[in-house]
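Have a look at entry_3.cif; it's mmCIF, C-alpha atoms and all ligand atoms:
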```
data_data
loop_
_atom_site.label_atom_id
_atom_site.label_comp_id
_atom_site.auth_asym_id
_atom_site.auth_seq_id
_atom_site.Cartn_x
_atom_site.Cartn_y
_atom_site.Cartn_z
CA MET A 1 117.31 148.82 56.32
CA THR A 2 120.21 147.32 58.25
CA ASP A 3 119.83 143.79 56.94
CA MET A 4 121.22 143.66 53.40
CA VAL A 5 120.14 140.09 52.68
CA ASP A 6 117.09 139.84 50.47
CA HIS A 7 114.85 137.32 52.23
CA ARG A 8 111.94 137.58 49.87
CA GLY A 9 111.26 134.60 47.68
CA PRO A 10 111.36 134.64 43.90
CA VAL A 11 107.60 135.06 43.67
CA SER A 12 107.47 138.36 45.54
CA LEU A 13 110.56 139.64 43.73
CA GLU A 14 108.92 138.80 40.45
CA ALA A 15 105.74 140.55 41.59
CA GLU A 16 107.71 143.62 42.61
CA ILE A 17 109.52 143.90 39.29
CA ALA A 18 106.41 143.07 37.27
CA GLY A 19 104.69 145.86 39.24
CA ASN A 20 107.50 148.31 38.43
CA LEU A 21 107.36 147.37 34.74
CA GLY A 22 103.60 147.82 34.77
CA MET A 23 103.79 151.25 36.39
CA ILE A 24 106.40 152.41 33.91
CA ALA A 25 104.30 151.07 31.02
CA GLU A 26 101.36 153.11 32.29
CA LYS A 27 103.47 156.24 32.51
CA ILE A 28 104.74 155.63 28.98
CA VAL A 29 101.16 155.37 27.71
CA GLY A 30 100.14 158.51 29.64
CA ALA A 31 103.09 160.53 28.35
CA THR A 32 102.57 159.51 24.71
CA ILE A 33 98.84 160.24 24.84
CA SER A 34 99.42 163.63 26.47
CA VAL A 35 101.31 164.76 23.38
CA GLY A 36 99.29 162.84 20.80
CA ARG A 37 101.87 160.15 20.10
CA ASP A 38 101.27 156.45 19.51
CA PRO A 39 101.92 154.57 22.80
CA ASN A 40 103.47 151.74 20.79
CA ALA A 41 106.10 154.09 19.40
CA VAL A 42 108.06 154.01 22.68
CA SER A 43 110.02 150.98 23.94
CA LEU A 44 111.40 150.41 27.40
CA VAL A 45 115.04 149.36 27.55
CA ALA A 46 115.44 147.86 31.04
CA VAL A 47 118.95 148.78 32.15
CA SER A 48 120.23 145.76 34.04
CA LYS A 49 123.84 146.84 34.70
CA VAL A 50 125.11 145.88 38.16
CA GLN A 51 121.74 144.36 39.12
CA PRO A 52 121.69 140.95 40.86
CA ILE A 53 120.83 138.16 38.45
CA GLU A 54 117.63 137.32 40.39
CA ARG A 55 116.27 140.73 39.48
CA VAL A 56 117.09 140.28 35.82
CA ALA A 57 115.50 136.82 35.94
CA ALA A 58 112.39 138.33 37.53
CA ALA A 59 112.05 140.85 34.69
CA LEU A 60 112.41 138.04 32.16
CA ALA A 61 109.83 135.95 34.01
CA ALA A 62 107.51 138.96 33.90
CA GLY A 63 107.81 138.85 30.12
CA HIS A 64 110.24 141.71 29.52
CA ARG A 65 112.67 141.10 26.65
CA LEU A 66 114.49 144.36 25.91
CA PHE A 67 117.56 145.12 28.04
CA GLY A 68 120.46 147.55 28.13
CA GLU A 69 123.96 147.09 29.51
CA ASN A 70 126.78 149.62 29.70
CA ARG A 71 129.77 147.28 29.89
CA VAL A 72 130.65 144.59 27.36
CA GLN A 73 132.41 142.31 29.84
CA GLU A 74 129.68 142.46 32.43
CA ALA A 75 127.04 141.76 29.79
CA GLN A 76 129.05 138.83 28.46
CA ALA A 77 129.09 137.22 31.87
CA LYS A 78 125.31 137.01 32.13
CA TRP A 79 123.53 137.31 28.79
CA PRO A 80 124.77 134.41 26.58
CA THR A 81 123.25 131.86 28.99
CA LEU A 82 120.03 133.83 29.37
CA ARG A 83 119.75 134.09 25.60
CA GLU A 84 119.72 130.32 25.28
CA ARG A 85 116.65 130.28 27.46
CA TYR A 86 115.08 133.42 25.96
CA PRO A 87 116.01 133.50 22.26
CA ASP A 88 113.68 136.47 21.66
CA LEU A 89 115.80 138.82 23.78
CA THR A 90 117.05 142.13 22.45
CA LEU A 91 120.19 143.65 23.95
CA HIS A 92 121.38 147.24 23.64
CA LEU A 93 124.88 148.46 24.43
CA ILE A 94 124.44 151.87 26.09
CA GLY A 95 127.96 152.46 27.45
CA PRO A 96 131.23 153.51 25.80
CA LEU A 97 132.79 150.94 23.47
CA GLN A 98 136.55 150.51 23.14
CA THR A 99 137.73 149.19 19.77
CA ASN A 100 139.37 146.17 21.43
CA LYS A 101 135.89 145.09 22.61
CA VAL A 102 134.19 145.49 19.24
CA ARG A 103 134.36 141.80 18.39
CA ASP A 104 132.58 140.80 21.60
CA ALA A 105 130.10 143.67 21.33
CA VAL A 106 129.08 142.74 17.78
CA ALA A 107 128.66 139.11 18.81
CA LEU A 108 126.46 139.96 21.80
CA PHE A 109 124.47 143.15 21.21
CA ASP A 110 121.63 143.66 18.74
CA VAL A 111 121.88 147.43 18.96
CA ILE A 112 124.98 149.53 19.66
CA GLU A 113 123.84 152.96 20.84
CA THR A 114 127.21 154.56 21.48
CA VAL A 115 129.00 155.01 18.15
CA ASP A 116 130.91 158.27 18.50
CA ARG A 117 134.14 158.25 16.51
CA PRO A 118 135.38 157.31 13.03
CA LYS A 119 137.73 154.58 14.23
CA LEU A 120 134.89 152.88 16.11
CA ALA A 121 132.49 153.15 13.16
CA LYS A 122 135.06 151.51 10.88
CA ALA A 123 135.88 148.79 13.39
CA LEU A 124 132.17 147.98 13.78
CA ARG A 125 131.66 147.74 10.02
CA GLU A 126 134.68 145.45 9.61
CA GLU A 127 133.64 143.24 12.51
CA MET A 128 130.02 142.97 11.36
CA ASP A 129 131.25 141.93 7.91
CA ARG A 130 133.65 139.43 9.47
CA GLN A 131 130.89 137.89 11.61
CA GLY A 132 128.30 138.14 8.84
CA LEU A 133 126.00 140.16 11.11
CA ASN A 134 124.32 143.50 10.73
CA ARG A 135 123.84 145.31 14.02
CA THR A 136 121.75 148.42 14.38
CA CYS A 137 123.88 151.45 15.28
CA PHE A 138 123.01 154.75 16.95
CA VAL A 139 125.27 157.75 17.30
CA GLN A 140 125.78 159.06 20.82
CA VAL A 141 125.58 162.85 21.01
CA ASN A 142 127.26 164.82 23.80
CA THR A 143 124.44 167.38 23.95
CA GLY A 144 125.93 169.16 26.96
CA GLU A 145 129.42 169.23 25.37
CA GLU A 146 130.85 167.89 28.60
CA PRO A 147 134.59 167.20 28.26
CA GLN A 148 134.48 164.02 30.35
CA LYS A 149 131.52 162.53 28.51
CA ALA A 150 131.50 160.34 25.42
CA GLY A 151 129.57 161.34 22.31
CA VAL A 152 129.83 163.56 19.26
CA PRO A 153 129.42 167.33 19.87
CA PRO A 154 126.11 168.61 18.44
CA ASN A 155 127.72 170.64 15.67
CA GLU A 156 129.67 167.62 14.39
CA VAL A 157 126.82 165.12 14.21
CA ASP A 158 125.79 165.87 10.63
CA ALA A 159 129.32 165.31 9.33
CA PHE A 160 129.82 162.21 11.47
CA VAL A 161 126.54 160.59 10.40
CA ALA A 162 127.38 161.35 6.75
CA PHE A 163 130.81 159.80 7.28
CA CYS A 164 129.29 156.66 8.81
CA ARG A 165 126.80 156.30 5.97
CA ASP A 166 128.87 157.32 2.97
CA GLU A 167 132.44 156.41 3.86
CA VAL A 168 131.95 153.43 6.16
CA GLY A 169 128.65 151.99 4.95
CA LEU A 170 127.31 151.91 8.48
CA ASP A 171 123.57 152.27 8.76
CA VAL A 172 122.76 154.87 11.44
CA ALA A 173 119.25 154.27 12.77
CA GLY A 174 119.10 156.66 15.70
CA LEU A 175 120.69 159.04 18.17
CA MET A 176 121.24 158.70 21.91
CA CYS A 177 122.14 161.20 24.62
CA ILE A 178 122.76 161.41 28.36
CA PRO A 179 122.05 164.98 29.51
CA PRO A 180 124.36 166.58 32.10
CA ILE A 181 123.23 165.72 35.64
CA ASP A 182 123.25 169.35 36.76
CA ASP A 183 121.10 170.69 33.93
CA GLY A 184 117.40 170.40 33.09
CA PRO A 185 117.08 167.57 30.55
CA ALA A 186 114.35 169.09 28.35
CA LEU A 187 116.66 171.33 26.30
CA HIS A 188 118.95 168.38 25.65
CA PHE A 189 116.09 166.14 24.55
CA ALA A 190 114.75 168.87 22.28
CA LEU A 191 118.21 169.36 20.80
CA LEU A 192 118.60 165.63 20.13
CA ARG A 193 115.22 165.54 18.39
CA GLU A 194 116.18 168.55 16.30
CA ILE A 195 119.42 166.91 15.19
CA ALA A 196 117.61 163.62 14.46
CA ARG A 197 115.24 165.42 12.11
CA ARG A 198 118.16 167.09 10.38
CA VAL A 199 120.12 163.87 9.81
CA ASP A 200 116.96 161.87 9.10
CA VAL A 201 117.01 159.09 11.71
CA GLU A 202 113.93 157.55 13.34
CA GLU A 203 115.12 156.36 16.73
CA LEU A 204 115.72 158.64 19.71
CA SER A 205 117.19 156.97 22.80
CA MET A 206 116.73 159.44 25.63
CA GLY A 207 115.25 159.50 29.12
CA MET A 208 116.14 157.54 32.25
CA SER A 209 114.33 156.78 35.54
CA GLY A 210 114.11 160.41 36.59
CA ASP A 211 113.19 162.09 33.33
CA PHE A 212 111.65 159.58 30.91
CA VAL A 213 108.24 161.26 30.84
CA THR A 214 109.85 164.51 29.67
CA ALA A 215 111.88 162.56 27.10
CA ILE A 216 108.75 160.90 25.70
CA GLU A 217 106.97 164.24 25.47
CA LEU A 218 109.94 165.42 23.40
CA GLY A 219 109.95 162.45 21.06
CA ALA A 220 111.90 159.57 22.66
CA THR A 221 111.33 156.22 20.94
CA LEU A 222 113.47 154.35 23.49
CA VAL A 223 113.73 155.12 27.18
CA ARG A 224 116.57 153.53 29.17
CA ILE A 225 115.39 152.80 32.67
CA GLY A 226 117.34 151.03 35.40
CA THR A 227 116.52 152.04 38.95
CA ALA A 228 112.77 152.42 38.44
CA VAL A 229 112.60 148.85 37.08
CA PHE A 230 115.05 146.99 39.31
CA GLY A 231 115.62 149.18 42.36
CA THR A 232 118.70 151.10 43.47
CA ARG A 233 122.02 149.81 42.20
CA ASP A 234 124.77 148.78 44.62
CA ARG A 235 127.04 151.81 44.38
CA SER A 236 130.11 150.00 45.66
CA SER A 237 130.18 147.98 42.47
CA GLN A 238 129.40 150.81 40.06
C1 LIG A 301 122.58 153.45 34.04
C2 LIG A 301 122.13 154.07 32.79
C3 LIG A 301 120.75 154.32 32.57
C4 LIG A 301 119.67 154.03 33.61
O1 LIG A 301 119.73 154.95 34.63
P1 LIG A 301 118.57 154.96 35.78
O2 LIG A 301 118.67 156.33 36.34
O3 LIG A 301 118.92 153.89 36.75
O4 LIG A 301 117.28 154.72 35.10
C5 LIG A 301 120.39 154.88 31.36
N1 LIG A 301 121.30 155.16 30.40
C6 LIG A 301 122.62 154.92 30.57
C7 LIG A 301 123.56 155.25 29.47
C8 LIG A 301 123.07 154.37 31.76
O5 LIG A 301 124.40 154.14 31.92
#
```
Output the structure of this file as structure tokens.
Amino acid sequence: MTDMVDHRGPVSLEAEIAGNLGMIAEKIVGATISVGRDPNAVSLVAVSKVQPIERVAAALAAGHRLFGENRVQEAQAKWPTLRERYPDLTLHLIGPLQTNKVRDAVALFDVIETVDRPKLAKALREEMDRQGLNRTCFVQVNTGEEPQKAGVPPNEVDAFVAFCRDEVGLDVAGLMCIPPIDDGPALHFALLREIARRVDVEELSMGMSGDFVTAIELGATLVRIGTAVFGTRDRSSQ
């Protein structure tokens, strides 16, 4: 394609995204059934970061209500208005959270998937108390122990979850991971499931466009899918 302008009308865009959502839903059902899981036990978090607002609107028009964003500021620019129109939305924060953004994150997101250090856990607790809100929190695990990546190393998760629960009073409902790009994801998904059993949490956020079927086979309860729902992101802005 040389012409970057999207000439299709809102109806065909909506049909395209509804079609993508439908195909993913079918794959979710197929993957759960193949391993004897309940198809309703897996939810699709549509990752709308960097996507044009028309595409997000098309997903909403198609009836989708669960979205993920990786940056607080970007999410703040689009979601408060959309929430007025769609009060039944659920928003997940799936990117790193700086403590100076905790106030905005607690105000905007229903679920914060990326808790990974004591200072952040404490700041979230304080801010939730201040705003009189209880947000669901997951702990991000750096399953590949990559130095540049956020998340708690696998061998520190038990202690960190205990700290969140016992010292901070933060309810940890799940774990999330982003496997290394240059490694097969299955071992990382299996490791996350193993740790989740050990620390007794229900929710497993794992699997993206390229590997969500594997993630579901290994126990994912939430898959975070961007490209396969909305199309390729504009790399110049990400
Ligand atoms: C962008 C992103 C996704 C979605 O990735 P796709 O490959 O586009 O499905 C999932 N999880 C996180 C944390 C992301 O930042």
message = ligand LIG 301 (chain A): which residues are within 6 Å, counting only C-alpha atoms and all ligand atoms? Reply as number ranges by chain.
response = A: 47, 70, 94-95, 208-209, 224-227
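Nearest to Gln140 in chain A of all the residues A:Ala228, A:Val213, A:Ala77, A:Met176 is A:Met176, based on all atoms listed in the file.
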Original post:
Using all atoms listed in the file, which residues sit within 12 Å of Arg198 in chain A once same-chain residues fewer than 2 positions away are excluded, as a VMD selection string?
Top reply: chain A and resid 154 to 155 157 to 159 161 to 162 174 to 175 191 to 196 200 to 202
May I have the selected residues written with C-alpha atoms, as a tab-separated table (two decimals), in the frame of the given file?
```tsv
chain	number	residue	atom	x	y	z
A	154	PRO	CA	126.11	168.61	18.44
A	155	ASN	CA	127.72	170.64	15.67
A	157	VAL	CA	126.82	165.12	14.21
A	158	ASP	CA	125.79	165.87	10.63
A	159	ALA	CA	129.32	165.31	9.33
A	161	VAL	CA	126.54	160.59	10.40
A	162	ALA	CA	127.38	161.35	6.75
A	174	GLY	CA	119.10	156.66	15.70
A	175	LEU	CA	120.69	159.04	18.17
A	191	LEU	CA	118.21	169.36	20.80
A	192	LEU	CA	118.60	165.63	20.13
A	193	ARG	CA	115.22	165.54	18.39
A	194	GLU	CA	116.18	168.55	16.30
A	195	ILE	CA	119.42	166.91	15.19
A	196	ALA	CA	117.61	163.62	14.46
A	200	ASP	CA	116.96	161.87	9.10
A	201	VAL	CA	117.01	159.09	11.71
A	202	GLU	CA	113.93	157.55	13.34
```
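Excluding range 142-152 of chain A itself and same-chain residues fewer than 5 positions from it, the residues having an atom within 8 Å of it are Pro96, Thr114, Val115, Asp116, Arg117, Val157, Phe160, Cys177, Ile178, Pro179, Pro180, His188, Leu191 and Leu192 of chain A, counting only C-alpha atoms.
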Let's have the selection written as a PDB file, in the frame of the given file, with C-alpha atoms.
```pdb
ATOM      1  CA  PRO A  96     131.230 153.510  25.800  1.00  0.00           C
ATOM      2  CA  THR A 114     127.210 154.560  21.480  1.00  0.00           C
ATOM      3  CA  VAL A 115     129.000 155.010  18.150  1.00  0.00           C
ATOM      4  CA  ASP A 116     130.910 158.270  18.500  1.00  0.00           C
ATOM      5  CA  ARG A 117     134.140 158.250  16.510  1.00  0.00           C
ATOM      6  CA  VAL A 157     126.820 165.120  14.210  1.00  0.00           C
ATOM      7  CA  PHE A 160     129.820 162.210  11.470  1.00  0.00           C
ATOM      8  CA  CYS A 177     122.140 161.200  24.620  1.00  0.00           C
ATOM      9  CA  ILE A 178     122.760 161.410  28.360  1.00  0.00           C
ATOM     10  CA  PRO A 179     122.050 164.980  29.510  1.00  0.00           C
ATOM     11  CA  PRO A 180     124.360 166.580  32.100  1.00  0.00           C
ATOM     12  CA  HIS A 188     118.950 168.380  25.650  1.00  0.00           C
ATOM     13  CA  LEU A 191     118.210 169.360  20.800  1.00  0.00           C
ATOM     14  CA  LEU A 192     118.600 165.630  20.130  1.00  0.00           C
TER      15      LEU A 192
END
```
Within 8 Å of range 100-109 of chain A, counting all atoms listed in the file, which residues qualify if same-chain residues fewer than 6 places away don't, as a ChimeraX atom specification?
/A:72,76,80,90-93,123-124,127-128,131,133,135
Using C-alpha atoms, can you export the residues from the last selection as a short mmCIF file (atom, residue, chain, number, x, y, z; two decimals), in the coordinates of the input?
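Writing the result to result.cif gives the following:
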```cif
data_model
loop_
_atom_site.label_atom_id
_atom_site.label_comp_id
_atom_site.auth_asym_id
_atom_site.auth_seq_id
_atom_site.Cartn_x
_atom_site.Cartn_y
_atom_site.Cartn_z
CA VAL A 72 130.65 144.59 27.36
CA GLN A 76 129.05 138.83 28.46
CA PRO A 80 124.77 134.41 26.58
CA THR A 90 117.05 142.13 22.45
CA LEU A 91 120.19 143.65 23.95
CA HIS A 92 121.38 147.24 23.64
CA LEU A 93 124.88 148.46 24.43
CA ALA A 123 135.88 148.79 13.39
CA LEU A 124 132.17 147.98 13.78
CA GLU A 127 133.64 143.24 12.51
CA MET A 128 130.02 142.97 11.36
CA GLN A 131 130.89 137.89 11.61
CA LEU A 133 126.00 140.16 11.11
CA ARG A 135 123.84 145.31 14.02
#
```
Would you pick out the contacts of range 22-29 of chain A at 12 Å or less, using all atoms listed in the file, so that residues sharing its chain but fewer than 6 positions from it are not included, and give the list as a ChimeraX atom specification? /A:14-16,35-46,59,62-64,207-217,219-230
re CA of Val172 in chain A and CA of Lys122 in chain A: distance 12.8 Å
inquiry  = If we count all atoms listed in the file and set the cut-off at 8 Å, which residues sit around Lys49 in chain A, ignoring sequence neighbours fewer than 3 positions away in its own chain? Please answer as a PyMOL selection string.
reply    = chain A and resi 68-71+74-75+226
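Each of A:Val141, A:Leu218, A:Leu89, A:Leu13 was checked against Arg55 in chain A using only C-alpha atoms; the smallest atom-to-atom distance is that of A:Leu13.
Separating CA of Gln73 in chain A from CA of Gly132 in chain A is a distance of 21.8 Å.
CA of Pro118 in chain A lies 7.4 Å from CA of Cys164 in chain A.
In terms of minimum interatomic distance to Asn134 in chain A, A:Ile112 ranks closest within A:Leu187, A:Leu21, A:Ala61, A:Ile112, counting all atoms listed in the file.
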From the block I gave, I'd like range 160-222 of chain A written with C-alpha atoms, as a tab-separated table (two decimals), in the first residue's frame.
```tsv
chain	number	residue	atom	x	y	z
A	160	PHE	CA	6.66	-10.00	46.94
A	161	VAL	CA	3.08	-11.29	46.86
A	162	ALA	CA	3.27	-11.99	50.61
A	163	PHE	CA	4.58	-8.46	51.14
A	164	CYS	CA	1.73	-6.96	49.10
A	165	ARG	CA	-0.87	-8.97	51.00
A	166	ASP	CA	0.47	-8.88	54.53
A	167	GLU	CA	2.42	-5.64	54.79
A	168	VAL	CA	0.56	-3.41	52.34
A	169	GLY	CA	-2.95	-4.86	52.39
A	170	LEU	CA	-3.02	-5.01	48.62
A	171	ASP	CA	-5.18	-7.75	47.19
A	172	VAL	CA	-3.21	-9.59	44.48
A	173	ALA	CA	-5.64	-11.28	42.09
A	174	GLY	CA	-3.33	-12.48	39.35
A	175	LEU	CA	0.02	-12.60	37.59
A	176	MET	CA	1.07	-11.24	34.21
A	177	CYS	CA	4.10	-11.85	32.01
A	178	ILE	CA	5.59	-10.82	28.67
A	179	PRO	CA	7.93	-13.60	27.48
A	180	PRO	CA	11.23	-12.65	25.80
A	181	ILE	CA	10.74	-12.09	22.06
A	182	ASP	CA	13.60	-14.42	21.14
A	183	ASP	CA	12.42	-17.40	23.18
A	184	GLY	CA	9.55	-19.87	22.80
A	185	PRO	CA	6.72	-18.59	25.00
A	186	ALA	CA	5.43	-21.96	26.28
A	187	LEU	CA	8.03	-22.39	29.02
A	188	HIS	CA	7.31	-18.88	30.27
A	189	PHE	CA	3.56	-19.45	30.33
A	190	ALA	CA	4.03	-22.75	32.15
A	191	LEU	CA	6.32	-21.05	34.67
A	192	LEU	CA	3.77	-18.28	35.30
A	193	ARG	CA	1.04	-20.86	35.87
A	194	GLU	CA	3.28	-22.75	38.26
A	195	ILE	CA	3.99	-19.62	40.29
A	196	ALA	CA	0.29	-18.66	40.28
A	197	ARG	CA	-0.59	-22.02	41.83
A	198	ARG	CA	2.09	-21.57	44.45
A	199	VAL	CA	0.98	-18.08	45.50
A	200	ASP	CA	-2.70	-18.95	45.10
A	201	VAL	CA	-3.99	-16.42	42.55
A	202	GLU	CA	-6.72	-17.09	39.97
A	203	GLU	CA	-5.92	-14.77	37.10
A	204	LEU	CA	-3.18	-15.37	34.54
A	205	SER	CA	-2.62	-12.57	32.02
A	206	MET	CA	-0.48	-14.07	29.27
A	207	GLY	CA	-0.56	-14.41	25.50
A	208	MET	CA	-0.57	-11.79	22.75
A	209	SER	CA	-1.50	-11.82	19.03
A	210	GLY	CA	1.18	-14.33	18.09
A	211	ASP	CA	0.94	-16.79	20.95
A	212	PHE	CA	-2.44	-16.55	22.67
A	213	VAL	CA	-3.54	-20.06	21.71
A	214	THR	CA	-0.46	-21.51	23.45
A	215	ALA	CA	-1.13	-19.27	26.45
A	216	ILE	CA	-4.73	-20.50	26.74
A	217	GLU	CA	-3.60	-24.11	26.50
A	218	LEU	CA	-1.32	-23.35	29.44
A	219	GLY	CA	-3.98	-21.70	31.57
A	220	ALA	CA	-4.33	-18.02	30.57
A	221	THR	CA	-7.50	-16.39	31.91
A	222	LEU	CA	-6.76	-13.10	30.10
```
